Each structure stands twice: as structure tokens, then as C-alpha cells.
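Listing of my_file00.pdb; format and content: PDB, C-alpha atoms and all ligand atoms.
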ATOM      1  CA  MET L1288       0.000   0.000   0.000  1.00  0.00           C
ATOM      2  CA  THR L1289       1.106   3.554  -0.543  1.00  0.00           C
ATOM      3  CA  TYR L1290       0.713   6.356   1.912  1.00  0.00           C
ATOM      4  CA  ALA L1291       0.499   8.840  -0.903  1.00  0.00           C
ATOM      5  CA  ASP L1292      -0.748  12.089   0.508  1.00  0.00           C
ATOM      6  CA  HIS L1293      -0.859  13.999   3.703  1.00  0.00           C
ATOM      7  CA  ARG L1294      -3.802  12.982   5.775  1.00  0.00           C
ATOM      8  CA  ALA L1295      -6.382  15.703   6.038  1.00  0.00           C
ATOM      9  CA  ASP L1296      -9.399  13.918   7.434  1.00  0.00           C
ATOM     10  CA  HIS L1297      -8.448  13.658  11.076  1.00  0.00           C
ATOM     11  CA  HIS L1298      -7.216  17.088  12.001  1.00  0.00           C
ATOM     12  CA  SER L1299      -8.720  20.384  10.965  1.00  0.00           C
ATOM     13  CA  GLY L1300      -6.849  23.658  10.587  1.00  0.00           C
ATOM     14  CA  PRO L1301      -4.544  25.164   8.018  1.00  0.00           C
ATOM     15  CA  GLN L1302      -1.935  22.400   8.308  1.00  0.00           C
ATOM     16  CA  THR L1303      -2.081  18.689   8.889  1.00  0.00           C
ATOM     17  CA  ARG L1304       0.592  17.496  11.263  1.00  0.00           C
ATOM     18  CA  ASP L1305       2.536  15.890   8.436  1.00  0.00           C
ATOM     19  CA  SER L1306       2.385  18.927   6.213  1.00  0.00           C
ATOM     20  CA  TRP L1307       5.864  20.170   7.064  1.00  0.00           C
ATOM     21  CA  LEU L1308       7.410  16.938   5.861  1.00  0.00           C
ATOM     22  CA  GLU L1309       9.165  17.029   2.530  1.00  0.00           C
ATOM     23  CA  PRO L1310       8.345  14.270   0.037  1.00  0.00           C
ATOM     24  CA  ASP L1311      11.814  12.787   0.438  1.00  0.00           C
ATOM     25  CA  ASP L1312      11.212  12.440   4.167  1.00  0.00           C
ATOM     26  CA  ARG L1313       9.247   9.283   3.418  1.00  0.00           C
ATOM     27  CA  ALA L1314      10.249   5.753   4.209  1.00  0.00           C
ATOM     28  CA  GLN L1315       9.466   2.749   2.059  1.00  0.00           C
ATOM     29  CA  PHE L1316       9.253  -0.748   3.416  1.00  0.00           C
ATOM     30  CA  ASP L1317       7.386  -4.046   3.188  1.00  0.00           C
ATOM     31  CA  LEU L1318       5.278  -5.923   5.679  1.00  0.00           C
ATOM     32  CA  VAL L1319       2.407  -8.393   5.713  1.00  0.00           C
ATOM     33  CA  VAL L1320      -1.057  -7.118   6.651  1.00  0.00           C
ATOM     34  CA  ASN L1321      -3.789  -9.706   7.203  1.00  0.00           C
ATOM     35  CA  ASP L1322      -1.831 -12.290   5.191  1.00  0.00           C
ATOM     36  CA  GLN L1323      -1.303  -9.908   2.267  1.00  0.00           C
ATOM     37  CA  PRO L1324       2.153  -8.569   1.307  1.00  0.00           C
ATOM     38  CA  VAL L1325       2.063  -4.788   1.446  1.00  0.00           C
ATOM     39  CA  HIS L1326       4.465  -2.053   0.368  1.00  0.00           C
ATOM     40  CA  VAL L1327       4.249   1.060   2.515  1.00  0.00           C
ATOM     41  CA  ARG L1328       5.440   4.539   1.613  1.00  0.00           C
ATOM     42  CA  ALA L1329       4.904   6.802   4.576  1.00  0.00           C
ATOM     43  CA  PRO L1330       6.347   9.882   6.222  1.00  0.00           C
ATOM     44  CA  ALA L1331       9.019   8.892   8.711  1.00  0.00           C
ATOM     45  CA  ARG L1332       6.908  10.171  11.605  1.00  0.00           C
ATOM     46  CA  CYS L1333       3.657   8.563  10.476  1.00  0.00           C
ATOM     47  CA  THR L1334       2.118   6.291  13.075  1.00  0.00           C
ATOM     48  CA  LEU L1335       1.048   2.784  12.206  1.00  0.00           C
ATOM     49  CA  ALA L1336      -2.564   3.682  13.037  1.00  0.00           C
ATOM     50  CA  ASP L1337      -2.517   6.610  10.616  1.00  0.00           C
ATOM     51  CA  ALA L1338      -0.935   4.510   7.867  1.00  0.00           C
ATOM     52  CA  LEU L1339      -3.573   1.796   8.261  1.00  0.00           C
ATOM     53  CA  ARG L1340      -6.488   4.213   8.292  1.00  0.00           C
ATOM     54  CA  GLN L1341      -5.115   6.138   5.331  1.00  0.00           C
ATOM     55  CA  GLN L1342      -5.324   2.926   3.361  1.00  0.00           C
ATOM     56  CA  GLY L1343      -8.934   2.294   4.296  1.00  0.00           C
ATOM     57  CA  LEU L1344      -8.335  -0.095   7.184  1.00  0.00           C
ATOM     58  CA  ILE L1345     -10.486   2.095   9.405  1.00  0.00           C
ATOM     59  CA  GLY L1346     -11.487  -0.711  11.761  1.00  0.00           C
ATOM     60  CA  THR L1347      -8.441   0.379  13.740  1.00  0.00           C
ATOM     61  CA  ARG L1348      -9.799   3.309  15.751  1.00  0.00           C
ATOM     62  CA  LEU L1349      -8.046   6.366  17.048  1.00  0.00           C
ATOM     63  CA  GLY L1350      -9.278   7.571  20.407  1.00  0.00           C
ATOM     64  CA  CYS L1351      -6.831   9.156  22.817  1.00  0.00           C
ATOM     65  CA  GLU L1352      -3.761   8.867  20.539  1.00  0.00           C
ATOM     66  CA  GLN L1353      -1.585   8.706  23.626  1.00  0.00           C
ATOM     67  CA  GLY L1354      -1.648   5.044  24.604  1.00  0.00           C
ATOM     68  CA  SER L1355      -4.432   5.147  27.182  1.00  0.00           C
ATOM     69  CA  CYS L1356      -7.603   3.772  25.602  1.00  0.00           C
ATOM     70  CA  GLY L1357      -6.488   0.808  23.495  1.00  0.00           C
ATOM     71  CA  ALA L1358      -8.936   1.537  20.660  1.00  0.00           C
ATOM     72  CA  CYS L1359      -6.032   1.335  18.210  1.00  0.00           C
ATOM     73  CA  THR L1360      -4.862  -2.138  19.307  1.00  0.00           C
ATOM     74  CA  VAL L1361      -3.582  -4.414  16.524  1.00  0.00           C
ATOM     75  CA  LEU L1362      -1.386  -7.505  16.561  1.00  0.00           C
ATOM     76  CA  LEU L1363       2.222  -7.068  15.483  1.00  0.00           C
ATOM     77  CA  ASP L1364       3.919 -10.437  15.094  1.00  0.00           C
ATOM     78  CA  GLY L1365       1.126 -11.812  17.266  1.00  0.00           C
ATOM     79  CA  GLN L1366       1.518  -9.318  20.086  1.00  0.00           C
ATOM     80  CA  PRO L1367      -1.083  -6.648  20.900  1.00  0.00           C
ATOM     81  CA  ILE L1368       0.353  -3.162  20.458  1.00  0.00           C
ATOM     82  CA  ARG L1369      -0.933   0.406  20.535  1.00  0.00           C
ATOM     83  CA  SER L1370      -0.728   1.418  16.890  1.00  0.00           C
ATOM     84  CA  CYS L1371      -1.057   5.108  17.844  1.00  0.00           C
ATOM     85  CA  LEU L1372       2.276   4.870  19.660  1.00  0.00           C
ATOM     86  CA  THR L1373       4.023   2.790  17.001  1.00  0.00           C
ATOM     87  CA  LEU L1374       5.680   4.322  13.985  1.00  0.00           C
ATOM     88  CA  ALA L1375       4.716   2.715  10.709  1.00  0.00           C
ATOM     89  CA  VAL L1376       8.397   2.125   9.921  1.00  0.00           C
ATOM     90  CA  GLN L1377       8.708   0.001  13.050  1.00  0.00           C
ATOM     91  CA  ALA L1378       6.473  -2.579  11.368  1.00  0.00           C
ATOM     92  CA  GLU L1379       8.988  -3.178   8.582  1.00  0.00           C
ATOM     93  CA  GLY L1380       9.251  -6.896   7.865  1.00  0.00           C
ATOM     94  CA  CYS L1381       6.572  -7.734  10.421  1.00  0.00           C
ATOM     95  CA  THR L1382       3.244  -9.504  10.271  1.00  0.00           C
ATOM     96  CA  LEU L1383       0.303  -7.330  11.163  1.00  0.00           C
ATOM     97  CA  GLU L1384      -3.240  -8.408  12.020  1.00  0.00           C
ATOM     98  CA  THR L1385      -6.180  -6.038  12.176  1.00  0.00           C
ATOM     99  CA  VAL L1386      -9.889  -6.510  12.781  1.00  0.00           C
ATOM    100  CA  GLU L1387     -10.417  -6.608   9.000  1.00  0.00           C
ATOM    101  CA  GLN L1388      -8.687  -9.991   8.821  1.00  0.00           C
ATOM    102  CA  ALA L1389     -10.559 -12.051   6.208  1.00  0.00           C
ATOM    103  CA  PRO L1390     -11.238 -14.816   6.669  1.00  0.00           C
ATOM    104  CA  PRO L1391     -11.071 -14.173  10.406  1.00  0.00           C
ATOM    105  CA  SER L1392      -8.882 -16.375  12.553  1.00  0.00           C
ATOM    106  CA  ARG L1393     -10.784 -18.907  14.659  1.00  0.00           C
ATOM    107  CA  GLU L1394     -10.239 -16.686  17.707  1.00  0.00           C
ATOM    108  CA  LEU L1395     -11.569 -13.574  15.966  1.00  0.00           C
ATOM    109  CA  HIS L1396     -14.532 -15.501  14.572  1.00  0.00           C
ATOM    110  CA  ALA L1397     -15.485 -16.850  18.015  1.00  0.00           C
ATOM    111  CA  LEU L1398     -15.017 -13.455  19.636  1.00  0.00           C
ATOM    112  CA  ARG L1399     -17.146 -11.619  17.094  1.00  0.00           C
ATOM    113  CA  ARG L1400     -20.002 -14.056  17.646  1.00  0.00           C
ATOM    114  CA  ALA L1401     -19.646 -13.876  21.435  1.00  0.00           C
ATOM    115  CA  PHE L1402     -19.590 -10.053  21.428  1.00  0.00           C
ATOM    116  CA  HIS L1403     -22.830 -10.105  19.477  1.00  0.00           C
ATOM    117  CA  GLN L1404     -24.489 -12.733  21.686  1.00  0.00           C
ATOM    118  CA  HIS L1405     -23.455 -11.074  24.955  1.00  0.00           C
ATOM    119  CA  GLY L1406     -24.219  -7.497  23.974  1.00  0.00           C
ATOM    120  CA  ALA L1407     -20.576  -6.546  24.421  1.00  0.00           C
ATOM    121  CA  LEU L1408     -20.807  -3.376  22.383  1.00  0.00           C
ATOM    122  CA  GLN L1409     -22.975  -0.322  22.052  1.00  0.00           C
ATOM    123  CA  CYS L1410     -21.341   2.429  19.999  1.00  0.00           C
ATOM    124  CA  GLY L1411     -18.612   0.006  18.912  1.00  0.00           C
ATOM    125  CA  PHE L1412     -15.790   2.526  19.022  1.00  0.00           C
ATOM    126  CA  CYS L1413     -13.683   0.406  21.357  1.00  0.00           C
ATOM    127  CA  THR L1414     -14.675  -2.953  19.861  1.00  0.00           C
ATOM    128  CA  SER L1415     -11.923  -3.577  17.341  1.00  0.00           C
ATOM    129  CA  GLY L1416      -9.298  -2.829  19.972  1.00  0.00           C
ATOM    130  CA  PHE L1417     -10.907  -5.223  22.448  1.00  0.00           C
ATOM    131  CA  LEU L1418     -11.267  -7.904  19.780  1.00  0.00           C
ATOM    132  CA  MET L1419      -7.612  -7.777  18.790  1.00  0.00           C
ATOM    133  CA  LEU L1420      -6.476  -7.622  22.419  1.00  0.00           C
ATOM    134  CA  ALA L1421      -8.566 -10.721  23.131  1.00  0.00           C
ATOM    135  CA  VAL L1422      -7.345 -12.548  20.022  1.00  0.00           C
ATOM    136  CA  GLY L1423      -3.789 -12.156  21.278  1.00  0.00           C
ATOM    137  CA  LEU L1424      -4.745 -13.338  24.742  1.00  0.00           C
ATOM    138  CA  LEU L1425      -6.746 -16.398  23.665  1.00  0.00           C
ATOM    139  CA  ARG L1426      -3.945 -17.476  21.350  1.00  0.00           C
ATOM    140  CA  ASP L1427      -1.106 -17.000  23.817  1.00  0.00           C
ATOM    141  CA  GLU L1428      -2.952 -18.074  26.942  1.00  0.00           C
ATOM    142  CA  PRO L1429      -5.844 -20.320  25.931  1.00  0.00           C
ATOM    143  CA  ASP L1430      -6.240 -21.490  29.528  1.00  0.00           C
ATOM    144  CA  ALA L1431      -6.163 -18.050  31.113  1.00  0.00           C
ATOM    145  CA  THR L1432      -8.196 -17.828  34.295  1.00  0.00           C
ATOM    146  CA  PRO L1433     -11.143 -15.408  34.439  1.00  0.00           C
ATOM    147  CA  GLU L1434      -9.008 -13.204  36.681  1.00  0.00           C
ATOM    148  CA  ARG L1435      -6.252 -13.176  34.097  1.00  0.00           C
ATOM    149  CA  VAL L1436      -8.732 -12.386  31.297  1.00  0.00           C
ATOM    150  CA  ARG L1437     -10.113  -9.516  33.362  1.00  0.00           C
ATOM    151  CA  GLU L1438      -6.595  -8.232  34.020  1.00  0.00           C
ATOM    152  CA  VAL L1439      -5.662  -8.250  30.324  1.00  0.00           C
ATOM    153  CA  LEU L1440      -8.925  -6.605  29.249  1.00  0.00           C
ATOM    154  CA  SER L1441      -8.327  -3.829  31.762  1.00  0.00           C
ATOM    155  CA  ALA L1442      -5.662  -2.505  29.377  1.00  0.00           C
ATOM    156  CA  ASN L1443      -8.427  -1.092  27.167  1.00  0.00           C
ATOM    157  CA  LEU L1444     -11.261   1.323  27.926  1.00  0.00           C
ATOM    158  CA  CYS L1445     -14.939   1.227  27.026  1.00  0.00           C
ATOM    159  CA  ARG L1446     -16.971   4.278  27.894  1.00  0.00           C
ATOM    160  CA  CYS L1447     -20.490   3.042  27.141  1.00  0.00           C
ATOM    161  CA  THR L1448     -20.915  -0.739  27.395  1.00  0.00           C
ATOM    162  CA  GLY L1449     -18.872  -1.345  30.519  1.00  0.00           C
ATOM    163  CA  GLY L1450     -16.456  -4.139  31.210  1.00  0.00           C
ATOM    164  CA  VAL L1451     -18.779  -6.918  32.376  1.00  0.00           C
ATOM    165  CA  PRO L1452     -20.432  -7.808  29.033  1.00  0.00           C
ATOM    166  CA  ILE L1453     -17.037  -7.673  27.345  1.00  0.00           C
ATOM    167  CA  LEU L1454     -15.528  -9.981  29.955  1.00  0.00           C
ATOM    168  CA  ARG L1455     -18.484 -12.385  29.590  1.00  0.00           C
ATOM    169  CA  ALA L1456     -18.076 -12.407  25.817  1.00  0.00           C
ATOM    170  CA  VAL L1457     -14.360 -13.157  25.943  1.00  0.00           C
ATOM    171  CA  LEU L1458     -14.912 -15.946  28.478  1.00  0.00           C
ATOM    172  CA  ALA L1459     -17.653 -17.409  26.254  1.00  0.00           C
ATOM    173  CA  ALA L1460     -15.337 -17.346  23.256  1.00  0.00           C
ATOM    174  CA  GLN L1461     -12.648 -19.002  25.345  1.00  0.00           C
ATOM    175  CA  GLN L1462     -15.096 -21.760  26.322  1.00  0.00           C
ATOM    176  CA  GLU L1463     -15.953 -22.334  22.681  1.00  0.00           C
ATOM    177  CA  LEU L1464     -12.325 -22.434  21.588  1.00  0.00           C
ATOM    178  CA  THR L1465     -11.246 -24.811  24.330  1.00  0.00           C
ATOM    179  CA  GLY L1466     -14.220 -27.119  23.835  1.00  0.00           C
ATOM    180  CA  GLY L1467     -15.713 -26.181  27.188  1.00  0.00           C
ATOM    181  CA  ASP L1468     -12.712 -27.475  29.128  1.00  0.00           C
ATOM    182  CA  ARG L1469     -12.587 -24.379  31.304  1.00  0.00           C
TER     183      ARG L1469
HETATM  184  S1  LIG L1501      -5.798   5.654  20.375  1.00  0.00           S
HETATM  185 FE1  LIG L1501      -4.096   4.411  20.839  1.00  0.00          FE
HETATM  186  S2  LIG L1501      -4.303   3.968  22.949  1.00  0.00           S
HETATM  187 FE2  LIG L1501      -5.937   5.365  22.527  1.00  0.00          FE
HETATM  188  S1  LIG L1502     -18.957   0.196  23.016  1.00  0.00           S
HETATM  189 FE1  LIG L1502     -18.870   2.380  23.068  1.00  0.00          FE
HETATM  190  S2  LIG L1502     -16.872   2.764  23.889  1.00  0.00           S
HETATM  191 FE2  LIG L1502     -17.088   0.652  24.067  1.00  0.00          FE
END
If you convert what's in this file into C-alpha cells, what do you get?
Amino acid sequence: MTYADHRADHHSGPQTRDSWLEPDDRAQFDLVVNDQPVHVRAPARCTLADALRQQGLIGTRLGCEQGSCGACTVLLDGQPIRSCLTLAVQAEGCTLETVEQAPPSRELHALRRAFHQHGALQCGFCTSGFLMLAVGLLRDEPDATPERVREVLSANLCRCTGGVPILRAVLAAQQELTGGDR
């Protein structure tokens, strides 16, 4: 993918925050996004979240843009990261997973269904971040205790649904994925 132009949709005012960058201040590199090889051309200071959204992968949300809310969570080489705090160039040569993954992994598929069944979203702004955080958890720690699941989910914020339905949904997905062994 090519980060061709300065982003103008997210910040108003006479200048976007990348507008002082000269064209030759751009980095070019390759990575894999949702199993697809991708070529990125982006300003050196462009965040991973901005680069993804600029290319239409808007399932990755931007909330606080300072690492607090977790709405921008994606998986980088299988590990949940805050894409608002990660430079796009740091993903060079890496494997990236976002909520747009198609077909979804078995964890993402189970989580999507459980979020729907347990009413784990209202406005949905936080949902993609919670889903990717939970995908990473259920893959790395399939036998995580409910206390551990709660602890991991506490990394992200939801301002309208509340944590209980989200916790219930992740535990339900875990039950499904482990065949009810927990
Ligand atoms: S937008 Fe990245 S943590 Fe809030
Ligand atoms: S569903 Fe609205 S912020 Fe979480």
C-alpha cells in the first residue's frame, strides 16, 4: 500500500501534522497485513494507526492517541500493540493483524459471535481494539483464568458498554475455543 498524501481527514486547521514533511522524508518498506504482502510509503513520523487508516483499514480506531484507551490495538507479530504509539516504519518486515482480517482467525470468529451474543458493544468505538487484544490473549494463553482475562482486558477502555459484558463475551469465546474445558 502507498501512503500517498498527507492525511487531512483527522485534524482540521490550516496544516495537517505531516504537512511540514518534505516528500523525500518518506520511508518505504514491506510488511504483511492480514496475510497480504504490502508495500508502505509513509512519512518517517507517520504512526502505524494513521498509515492503516489512510489505506482504508479504518477498523483500527483512534481515540486518545496517547496510549491510554487501546482503541487502536492491533497484533504485530502476534503481540497486541498500541498502533497510535508505534511508527509505521517500526512494522517493517513484520506480520500485522487487524480486525479486518478475512477470513477471520478462529479466535476472531469466536469473539465476534460472542460479542454479538453477549451485547458486548454499544457504539462500537472500542470494539476492534478489544477484539484484537482478546485474540492475542486467547492465542497465547488459551487457559487463562477469568481473573487473568479480566486483568488483560483492563488494558483497554470502554466508555459506554462497561467491562462486564465484554468480559463475559471473551470468556464465552474461550469456552468455545477450548471445547468447554474451562
Ligand atoms: S488511540 Fe491508541 S491507545 Fe488510545
Ligand atoms: S462500546 Fe462504546 S466505547 Fe465501548
What are the closest atom pairs, with distances in Å to one decimal, for all residues of chain L lying within 7 Å of ligand LIG 1501 (chain L)? Consider all atoms listed in the file, order rows by chain and residue number, and present the result as a Markdown table.
| residue | atom | partner | partner_atom | distance |
| --- | --- | --- | --- | --- |
| L:Arg1348 | CA | L:LIG1501 | S1 | 6.5 |
| L:Leu1349 | CA | L:LIG1501 | S1 | 4.1 |
| L:Gly1350 | CA | L:LIG1501 | S1 | 4.0 |
| L:Cys1351 | CA | L:LIG1501 | FE2 | 3.9 |
| L:Glu1352 | CA | L:LIG1501 | S1 | 3.8 |
| L:Gln1353 | CA | L:LIG1501 | S2 | 5.5 |
| L:Gly1354 | CA | L:LIG1501 | S2 | 3.3 |
| L:Ser1355 | CA | L:LIG1501 | S2 | 4.4 |
| L:Cys1356 | CA | L:LIG1501 | FE2 | 3.8 |
| L:Gly1357 | CA | L:LIG1501 | S2 | 3.9 |
| L:Ala1358 | CA | L:LIG1501 | S1 | 5.2 |
| L:Cys1359 | CA | L:LIG1501 | FE1 | 4.5 |
| L:Thr1360 | CA | L:LIG1501 | FE1 | 6.8 |
| L:Arg1369 | CA | L:LIG1501 | FE1 | 5.1 |
| L:Ser1370 | CA | L:LIG1501 | FE1 | 6.0 |
| L:Cys1371 | CA | L:LIG1501 | FE1 | 4.3 |
| L:Leu1372 | CA | L:LIG1501 | FE1 | 6.5 |
Polymer residues at most 12 Å from (-12.0, -9.9, 14.0) by only C-alpha atoms, as a ChimeraX atom specification: /L:1321,1346-1347,1360-1362,1384-1402,1414-1423
Pick from L:Gln1315, L:Thr1448, L:Thr1465, L:Gln1409 nearest to Gly1380 of chain L, counting only C-alpha atoms: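 Looking only at the distances to Gly1380 of chain L, the closest residue turns out to be L:Gln1315.
Reported to one decimal place, the separation of atom CA of Ala1407 of chain L from atom CA of Arg1437 of chain L is 14.1 Å.
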Computed interatomic separation between atom CA of Asp1427 of chain L and atom CA of Gln1366 of chain L (Å):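 Straight-line distance from atom CA of Asp1427 of chain L to atom CA of Gln1366 of chain L works out to 8.9 Å.
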Atom CA of Asp1317 of chain L to atom CA of Leu1383 of chain L, distance in Å rounded to a single decimal: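 These atoms are spaced 11.2 Å apart.
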